[in-house]
Amino acid sequence: MDDLVFLSRLQFAITSVYHFFFVPLTIGLGLFIAIWETLAYKSGNSEDERIVRFWGRLFLLNFAVGVVTGIVQEFQFGMNWSEYSRFVGDVFGAPLAIEALLAFFMESTFLGLWMFGRNVLPRGVHLTCIWLVFAASCVSAVWILIANSFMQHPVGYVLNNGRAEMTDFFALITNPYFLHQIPHVISASICTAAFFVLGISAWKMLQNTEDAFLFERTFRYALFMGFIGLIAVLLSGHLQGQSIAKLQPMKLAAMENLEKTSDPAPLSLVPGLEIPAMLSFMVHNRPSGEVQGLEDLQKTFEYRYGEGNYTPPVWVSYISFRVMVGASSIMMLFIIYGISWHLFMKKNIHRKIMFLMLLGISLPYIANSAGWILAEMGRQPWIVYGLMPTDKAISVGTSSNSIIFSITAFTFIYGALAAIIFILMRREVLRGCKSKKPTRKTAAVKV
């Protein structure tokens, strides 16, 4: 049974993390395109129109793969996790149904109108379509996170005949875990799009093609977009950390590898290096305050739920948190350097830094993936926190061999999809924003 649980969790982790590569970029890049489409609407400038068309093509490619990989998620609840679906389906199914029937169809419909109606619809209606696409992508994230938040902190339910039944829909949509999670995800999506735009714009500027001056404009905009996104990530992350301290203290103790209850509690930077009282300050907004450790929490959970190991994988949680924070810190350094030198000091960024910004596209993806691993692994051994252990949620008829086969198939298919999307995006990037008759001189990058 342990092997079956591990394989089922591994399969869901692979498909979830891969799908989440595309979700933040859909949200963030949708906002970027909507803003630039608004600029094109107001100015009537053909250059703004070329910028919108270029990033719009990349957005469509990303959206298509995101849809395909997201469908796989739904099937797993019935195939590998049918006991979970039976137990919590009355609650969990509602936000998923709303997401599919409202947000996804709204997003797909208006994306189609925006894509095919550029020279057909009135300009104001066409502009409204892309803003509705962005709004629908946010609404989609809202309902998915509402469903996930029930798994993290179940509210608005009653247990009846061995199943969780919804009794308070308002409590579900005002779940305190969700209210702190959604701003963190949206701001992380803005950062993802900002670094995506920064990296591609930097590469096009380095190539010094005829459309490089257009990418210098998007580069500058993405710098400010990234700065705002990172500040929002920092603030929302702090609030979410305080929420976790109240709702899931075991997760907080695991991500800090805090064995003993401490007052004040130190913040671990790396093993063996701590900042005294910093964890207490982050949790209680003052340099003193108790933070429960793993040992005391284990005893509390045993008293509440019976014998068992209620400690999540400590080193996975510990490392994931530091990878997330480390990647975000490097992103902030890139943004500060870019704003300081390229804008305020009116100097061009060194070519080596521009190349690093191309590689920096990976940073928000690393941070996003590490954050989700922390959120889900830190909840273990619960699939629904405090209600249902993960090992009780597996489908009865599932076999290890079938899961191994599906993992192998998913890995191969997703690897092929990754290669295809890279080739298609590379082709679009090489195509760029070129026009038949260049209207301005290209921008140069100082060596």
# chains A, B, ... in the order shown; residues from 1 in each chain; ligands from 1
$ closest_atom_pairs --of "stretch 375-441 of chain A" --to "stretch 61-80 of chain A" --cutoff "7 Å" --atoms "only C-alpha atoms" --output "Markdown table"
| residue | atom | partner | partner_atom | distance |
| --- | --- | --- | --- | --- |
| A:Ile394 | CA | A:Asn80 | CA | 5.9 |
| A:Ser395 | CA | A:Asn80 | CA | 5.1 |
| A:Thr398 | CA | A:Asn80 | CA | 6.5 |
$ write_last_selection --atoms "N, CA and C atoms" --output "mmCIF file, in the first residue's frame"
data_model
loop_
_atom_site.group_PDB
_atom_site.id
_atom_site.type_symbol
_atom_site.label_atom_id
_atom_site.label_comp_id
_atom_site.auth_asym_id
_atom_site.auth_seq_id
_atom_site.Cartn_x
_atom_site.Cartn_y
_atom_site.Cartn_z
ATOM 1 N N ILE A 394 -6.707 6.559 -1.613
ATOM 2 C CA ILE A 394 -6.372 5.862 -2.845
ATOM 3 C C ILE A 394 -7.543 5.022 -3.351
ATOM 4 N N SER A 395 -7.694 4.934 -4.664
ATOM 5 C CA SER A 395 -8.711 4.075 -5.263
ATOM 6 C C SER A 395 -8.438 2.615 -4.916
ATOM 7 N N THR A 398 -6.825 0.269 -7.813
ATOM 8 C CA THR A 398 -5.623 0.718 -8.511
ATOM 9 C C THR A 398 -4.450 -0.211 -8.218
#
$ closest_atom_pairs --of "stretch 214-293 of chain A" --to "stretch 9-28 of chain A" --cutoff "12 Å" --atoms "only C-alpha atoms" --output "JSON lines"
{"residue": "A:Ala222", "atom": "CA", "partner": "A:Gly28", "partner_atom": "CA", "distance": 10.9}
{"residue": "A:Met225", "atom": "CA", "partner": "A:Gly28", "partner_atom": "CA", "distance": 9.7}
{"residue": "A:Gly226", "atom": "CA", "partner": "A:Gly28", "partner_atom": "CA", "distance": 10.3}
{"residue": "A:Gly229", "atom": "CA", "partner": "A:Gly28", "partner_atom": "CA", "distance": 9.6}
$ select_by_dssp --residues "stretch 52-264 of chain A" --states "alpha helix (DSSP H)" --output "JSON, numbers by chain"
{"A": [52, 53, 54, 55, 56, 57, 58, 59, 60, 61, 62, 63, 64, 65, 66, 67, 68, 69, 70, 71, 72, 73, 74, 75, 76, 77, 78, 79, 82, 83, 84, 85, 86, 87, 88, 89, 90, 91, 92, 93, 94, 95, 96, 97, 98, 105, 106, 107, 108, 109, 110, 111, 112, 113, 114, 115, 116, 123, 124, 125, 126, 127, 128, 129, 130, 131, 132, 133, 134, 135, 136, 137, 138, 139, 140, 141, 142, 143, 144, 145, 146, 147, 148, 149, 150, 151, 152, 169, 170, 171, 172, 173, 176, 177, 178, 179, 180, 181, 182, 183, 184, 185, 186, 187, 188, 189, 190, 191, 192, 193, 194, 195, 196, 197, 198, 199, 200, 201, 202, 203, 204, 205, 206, 207, 212, 213, 214, 215, 216, 217, 218, 219, 220, 221, 222, 223, 224, 225, 226, 227, 228, 229, 230, 231, 232, 233, 234, 235, 236, 237, 238, 239, 240, 241, 242, 243, 244, 245, 246, 247, 249, 250, 251, 252, 253, 254, 255]}
$ atom_distance --atom1 "atom CA of A:Ile423" --atom2 "atom CA of A:Arg57"
13.4 Å
$ residues_around --residues "A:Leu101" --least-positions-apart "6" --cutoff "12 Å" --atoms "only C-alpha atoms" --output "list in words"
Gly93, Ala94, Pro95, Glu107, Ser108, Thr109, Ala136, Val139, Ser140 and Trp143 of chain A
$ atom_distance --atom1 "atom CA of A:Gly199" --atom2 "atom CA of A:Arg53"
17.9 Å
$ closest_residue --among "A:Phe321, A:Tyr177, A:Tyr310, A:Trp131" --to "A:Ile366" --atoms "only C-alpha atoms"
A:Phe321
$ residues_around --residues "A:Met282" --least-positions-apart "2" --cutoff "10 Å" --atoms "only C-alpha atoms" --output "number ranges by chain"
A: 238-239, 241-242, 245, 265, 267, 277-280, 284-289
$ residues_around --residues "A:Thr218" --least-positions-apart "6" --cutoff "12 Å" --atoms "only C-alpha atoms" --output "JSON, numbers by chain"
{"A": [29, 32, 33, 35, 36, 47, 48, 50, 51, 52, 54, 55, 193, 194, 195, 196, 197, 198, 199, 200, 201, 202, 204, 205, 211, 212, 224, 225, 226, 433]}
$ closest_residue --among "A:Gly89, A:Ala418, A:Tyr84, A:Leu113" --to "A:Trp382" --atoms "only C-alpha atoms"
A:Tyr84
$ residues_around --residues "stretch 293-301 of chain A" --least-positions-apart "6" --cutoff "6 Å" --atoms "only C-alpha atoms" --output "list in words"
Ala253, Leu258, Glu259, Lys260 and Thr261 of chain A
$ write_last_selection --atoms "C-alpha atoms" --output "PDB file, in the first residue's frame"
ATOM      1  CA  ALA A 253       7.784  23.855  12.042  1.00  0.00           C
ATOM      2  CA  LEU A 258      12.162  23.538  14.360  1.00  0.00           C
ATOM      3  CA  GLU A 259      12.404  20.536  16.672  1.00  0.00           C
ATOM      4  CA  LYS A 260      11.727  22.271  20.000  1.00  0.00           C
ATOM      5  CA  THR A 261       9.115  24.862  20.892  1.00  0.00           C
TER       6      THR A 261
END
$ select_by_dssp --residues "stretch 48-279 of chain A" --states "strand (DSSP E or B)" --output "ChimeraX atom specification"
/A:157-160,163-166,262,267-270,273-275
$ write_last_selection --atoms "C-alpha atoms" --output "mmCIF file, in the first residue's frame"
data_model
loop_
_atom_site.group_PDB
_atom_site.id
_atom_site.type_symbol
_atom_site.label_atom_id
_atom_site.label_comp_id
_atom_site.auth_asym_id
_atom_site.auth_seq_id
_atom_site.Cartn_x
_atom_site.Cartn_y
_atom_site.Cartn_z
ATOM 1 C CA TYR A 157 -18.926 21.248 6.104
ATOM 2 C CA VAL A 158 -20.470 18.557 8.260
ATOM 3 C CA LEU A 159 -19.592 14.848 8.398
ATOM 4 C CA ASN A 160 -22.566 12.676 7.465
ATOM 5 C CA ARG A 163 -18.674 11.831 3.925
ATOM 6 C CA ALA A 164 -18.058 15.573 4.091
ATOM 7 C CA GLU A 165 -21.127 17.547 3.021
ATOM 8 C CA MET A 166 -21.180 21.293 2.401
ATOM 9 C CA SER A 262 10.918 28.190 21.218
ATOM 10 C CA LEU A 267 14.913 31.753 11.696
ATOM 11 C CA SER A 268 17.118 29.180 9.980
ATOM 12 C CA LEU A 269 18.882 30.497 6.884
ATOM 13 C CA VAL A 270 20.773 27.286 6.149
ATOM 14 C CA LEU A 273 23.135 29.434 10.486
ATOM 15 C CA GLU A 274 20.258 31.179 12.261
ATOM 16 C CA ILE A 275 18.936 34.675 12.932
#
$ residues_around --residues "A:Ser187" --least-positions-apart "2" --cutoff "10 Å" --atoms "only C-alpha atoms" --output "list in words"
Pro24, Ile27, Gly28, Ile182, Pro183, His184, Val185, Ser189, Ile190, Cys191, Thr192, Gly226, Ile228, Gly229, Leu230, Ile231, Ala232, Val233, Leu234, Leu235, Ser236 and Gly237 of chain A
$ closest_residue --among "A:Thr38, A:Asn148, A:Thr167, A:Ser406" --to "A:Gly124" --atoms "only C-alpha atoms"
A:Thr38
$ atom_distance --atom1 "atom CA of A:Gly272" --atom2 "atom CA of A:Asn368"
26.2 Å
$ closest_residue --among "A:Ala135, A:Ala171, A:Val291, A:Val88" --to "A:Lys251" --atoms "only C-alpha atoms"
A:Val291
